[in-house]
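A.B. asks: First the structure, then my questions, so here it is.
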Amino acid sequence: MRRHQFWLVGVMLAAFASSAAAQDRFKVVASFSILGDFAKNVGGDRVEVTTLVGPNGDVHVYTPAPADARKIADAGLVVINGLGLEGWLPRLVQSSGSKAAIVTATDGIVALKSGSAADPHAWQSVADAKIYVTNIRDALVHADPADAGVFRANADSYLVKLDGLDHDVREAIERIPPAHRRVISTHGAFGYFAAAYGVEFIAPLGVSTDSEASARDIADIISQIRVARVPAVFVENISDPRLIQRISAETGAAIGGTLYSDSLTDEKGDAPTYIDMVRHNIKALTNALSP
């Protein structure tokens, strides 16, 4: 009986210690899942990261819930993308009354343009993703200086992994003949990937998913596929697949699979982390585009 009591006391103490440690962790809110993954890699076990737009969510058209304001109010740091991606966020931050520091993870990145608007999808270039990570690192160091050494060490380790990822992407693209490096995807989320790695992406939608493609847009895309002999079209995890399915049916271009553009998956999916996402995308591209 006494042994059982000691065991029970031990379990209670362990649970209390775990709860206390969770309460002591620095609270970070990220606007969407990719930023949340960056923050987790830099913060490690010293931070508690909450993501507003969760797995397979579309940050372009997200509608905040009242609980989101409470999350921001409790945070010590809010991580946003910027470049016009989270149009719903400023009002949410204001309504929360939060005094949290806010870091724009794209600071220092030279934004691409889509018409007159900035293209916000800079994370699709791994080199730019490294800038996201350094901005998040510096913000955490400033907001929670007691753990600065941990944040710097975690960031250094993660940046090495990103260097390896960038090398692997370039190596994979080299195996695709230049004439085959053309892709149709749902919306213009891959401009930075195209600029960094030399793959041409054509999309019936612009850089946001908050509008529908017109009949003329679709007709133009179909014409481009036929003239340029685009070998594959791709659906995206955040978009309705019917548009791409229609384009595929009318052109004969094969559906090459799913690309992950603006969101990660949950743990059971193909892209639970940023590195998993990029590796999945490059595998899908090389499988579909290689002769």
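Ligands are numbered from 1 in the order shown, chains are lettered A, B, ... in the order of the structure tokens, and residues start at 1 in each chain.
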DSSP says strand (DSSP E or B) for which residues of stretch 105-150 of chain A? Put them as a list in words?

C.D. replies: Lys113, Ser114, Ala117 and Ala118 of chain A

A.B. asks: Residues of stretch 91-145 of chain A that approach stretch 31-36 of chain A to 10 Å or less, counting only C-alpha atoms: could you list each one with the shortest pair of atoms and its distance in Å to one decimal, rows by chain and increasing residue number, as JSON lines?

C.D. replies:
```
{"residue": "A:Ala105", "atom": "CA", "partner": "A:Leu35", "partner_atom": "CA", "distance": 8.2}
{"residue": "A:Trp123", "atom": "CA", "partner": "A:Ile34", "partner_atom": "CA", "distance": 8.3}
{"residue": "A:Ala129", "atom": "CA", "partner": "A:Leu35", "partner_atom": "CA", "distance": 9.7}
{"residue": "A:Tyr132", "atom": "CA", "partner": "A:Leu35", "partner_atom": "CA", "distance": 8.2}
{"residue": "A:Val133", "atom": "CA", "partner": "A:Leu35", "partner_atom": "CA", "distance": 8.9}
{"residue": "A:Ile136", "atom": "CA", "partner": "A:Leu35", "partner_atom": "CA", "distance": 9.0}
```

A.B. asks: Show which residues sit within 12 Å of A:Phe26, as a list in words. Count only C-alpha atoms, and ignore same-chain residues fewer than 6 positions away.

C.D. replies: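 Final neighbour list, sorted by chain and number: Ala39, Lys40, Gly43, Gly44, Asp45, Arg46, Val47, Glu48, Val49, Thr50, Asp74, Ala75, Gly76, Leu77, Val78, Ala100, Leu140, Val141, Ala143, Asp144, Pro145, Ala146, Asp147, Ala148 and Phe151 of chain A.
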
A.B. asks: Can you tell me which residues surround A:Gly269 at a distance of at most 12 Å, considering only C-alpha atoms, apart from same-chain residues fewer than 2 positions away, and format the answer as a PyMOL selection string?

C.D. replies: chain A and resi 55-56+237+258+260+263-267+271-273+276-277+280

A.B. asks: Grab the residues selected above and save them as an mmCIF file, in the first residue's frame with N, CA and C atoms.

C.D. replies:
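File produced: selection00.cif:
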```
data_model
loop_
_atom_site.group_PDB
_atom_site.id
_atom_site.type_symbol
_atom_site.label_atom_id
_atom_site.label_comp_id
_atom_site.auth_asym_id
_atom_site.auth_seq_id
_atom_site.Cartn_x
_atom_site.Cartn_y
_atom_site.Cartn_z
ATOM 1 N N PRO A 55 -3.834 23.510 -39.712
ATOM 2 C CA PRO A 55 -3.500 22.646 -40.838
ATOM 3 C C PRO A 55 -4.570 22.672 -41.928
ATOM 4 N N ASN A 56 -4.107 22.736 -43.188
ATOM 5 C CA ASN A 56 -4.979 22.753 -44.371
ATOM 6 C C ASN A 56 -5.933 23.944 -44.398
ATOM 7 N N ASN A 237 -3.679 21.787 -51.611
ATOM 8 C CA ASN A 237 -4.427 21.301 -50.453
ATOM 9 C C ASN A 237 -5.427 22.313 -49.918
ATOM 10 N N THR A 258 -0.793 16.586 -55.578
ATOM 11 C CA THR A 258 -1.113 17.744 -54.737
ATOM 12 C C THR A 258 0.157 18.488 -54.366
ATOM 13 N N TYR A 260 1.575 21.600 -51.822
ATOM 14 C CA TYR A 260 1.238 22.327 -50.603
ATOM 15 C C TYR A 260 1.801 23.735 -50.735
ATOM 16 N N SER A 263 -0.240 26.144 -46.603
ATOM 17 C CA SER A 263 -0.574 25.493 -45.350
ATOM 18 C C SER A 263 0.089 24.129 -45.244
ATOM 19 N N LEU A 264 0.460 23.774 -44.029
ATOM 20 C CA LEU A 264 0.923 22.425 -43.732
ATOM 21 C C LEU A 264 -0.283 21.527 -43.491
ATOM 22 N N THR A 265 -0.016 20.232 -43.326
ATOM 23 C CA THR A 265 -1.058 19.284 -42.961
ATOM 24 C C THR A 265 -0.948 19.001 -41.462
ATOM 25 N N ASP A 266 -1.851 18.160 -40.966
ATOM 26 C CA ASP A 266 -1.676 17.690 -39.602
ATOM 27 C C ASP A 266 -0.593 16.616 -39.575
ATOM 28 N N GLU A 267 -0.347 16.042 -38.413
ATOM 29 C CA GLU A 267 0.757 15.091 -38.256
ATOM 30 C C GLU A 267 0.604 13.856 -39.135
ATOM 31 N N ALA A 271 2.633 16.654 -45.215
ATOM 32 C CA ALA A 271 3.450 17.847 -44.999
ATOM 33 C C ALA A 271 3.210 18.443 -43.617
ATOM 34 N N PRO A 272 3.546 17.723 -42.549
ATOM 35 C CA PRO A 272 3.326 18.266 -41.205
ATOM 36 C C PRO A 272 4.332 19.336 -40.804
ATOM 37 N N THR A 273 5.459 19.447 -41.532
ATOM 38 C CA THR A 273 6.452 20.488 -41.268
ATOM 39 C C THR A 273 6.823 21.187 -42.576
ATOM 40 N N ASP A 276 9.114 18.956 -44.612
ATOM 41 C CA ASP A 276 8.311 17.901 -45.240
ATOM 42 C C ASP A 276 7.533 18.443 -46.434
ATOM 43 N N MET A 277 6.984 19.651 -46.300
ATOM 44 C CA MET A 277 6.214 20.258 -47.376
ATOM 45 C C MET A 277 7.063 20.447 -48.628
ATOM 46 N N HIS A 280 7.973 17.087 -50.155
ATOM 47 C CA HIS A 280 6.817 16.511 -50.851
ATOM 48 C C HIS A 280 6.618 17.191 -52.204
#
```

A.B. asks: Write out as a PyMOL selection string each polymer residue whose atoms come within 12 Å of stretch 166-171 of chain A, counting only C-alpha atoms; drop sequence neighbours fewer than 2 positions from it.

C.D. replies: chain A and resi 123-130+159-164+173-176+193-194+196-199+275+277-286

A.B. asks: Within 9 Å of stretch 64-66 of chain A, counting only C-alpha atoms, which residues show up once you throw out same-chain ones fewer than 6 positions away? Write them as a ChimeraX atom specification, please.

C.D. replies: /A:52-53,88-89,92

A.B. asks: DSSP on the backbone: what in stretch 87-265 of chain A comes out alpha helix (DSSP H), as a PyMOL selection string?

C.D. replies: chain A and resi 89-96+126-143+148-174+191-197+215-228+242-251

A.B. asks: Would you list the contacts of A:Gly82 as a list in words, taking every protein, DNA or RNA residue within 10 Å and counting only C-alpha atoms, but skipping same-chain residues closer than 4 positions in sequence?

C.D. replies: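 The residues satisfying every condition are Ser31, Glu86, Gly87, Leu89, Val103, Thr104, Ala105, Thr106, Asp107, Ala118, Pro120 and His121 of chain A.
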
A.B. asks: What is the atom CA of A:Glu250-atom CA of A:Arg182 distance in Å, reported with one decimal?

C.D. replies: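 Result for atom CA of A:Glu250 versus atom CA of A:Arg182: 17.5 Å, one decimal.
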
A.B. asks: Would you compute the distance between atom CA of A:Arg91 and atom CA of A:Thr134? Give it in Å to one decimal.

C.D. replies: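 Between these atoms lies a distance of 26.6 Å.
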
A.B. asks: Taking into account only C-alpha atoms, which residue in the set A:Thr251, A:Asn135, A:Ala203, A:Val79 is nearest to A:Ile222?

C.D. replies: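 The shortest atom-to-atom distance to A:Ile222 comes from A:Thr251.
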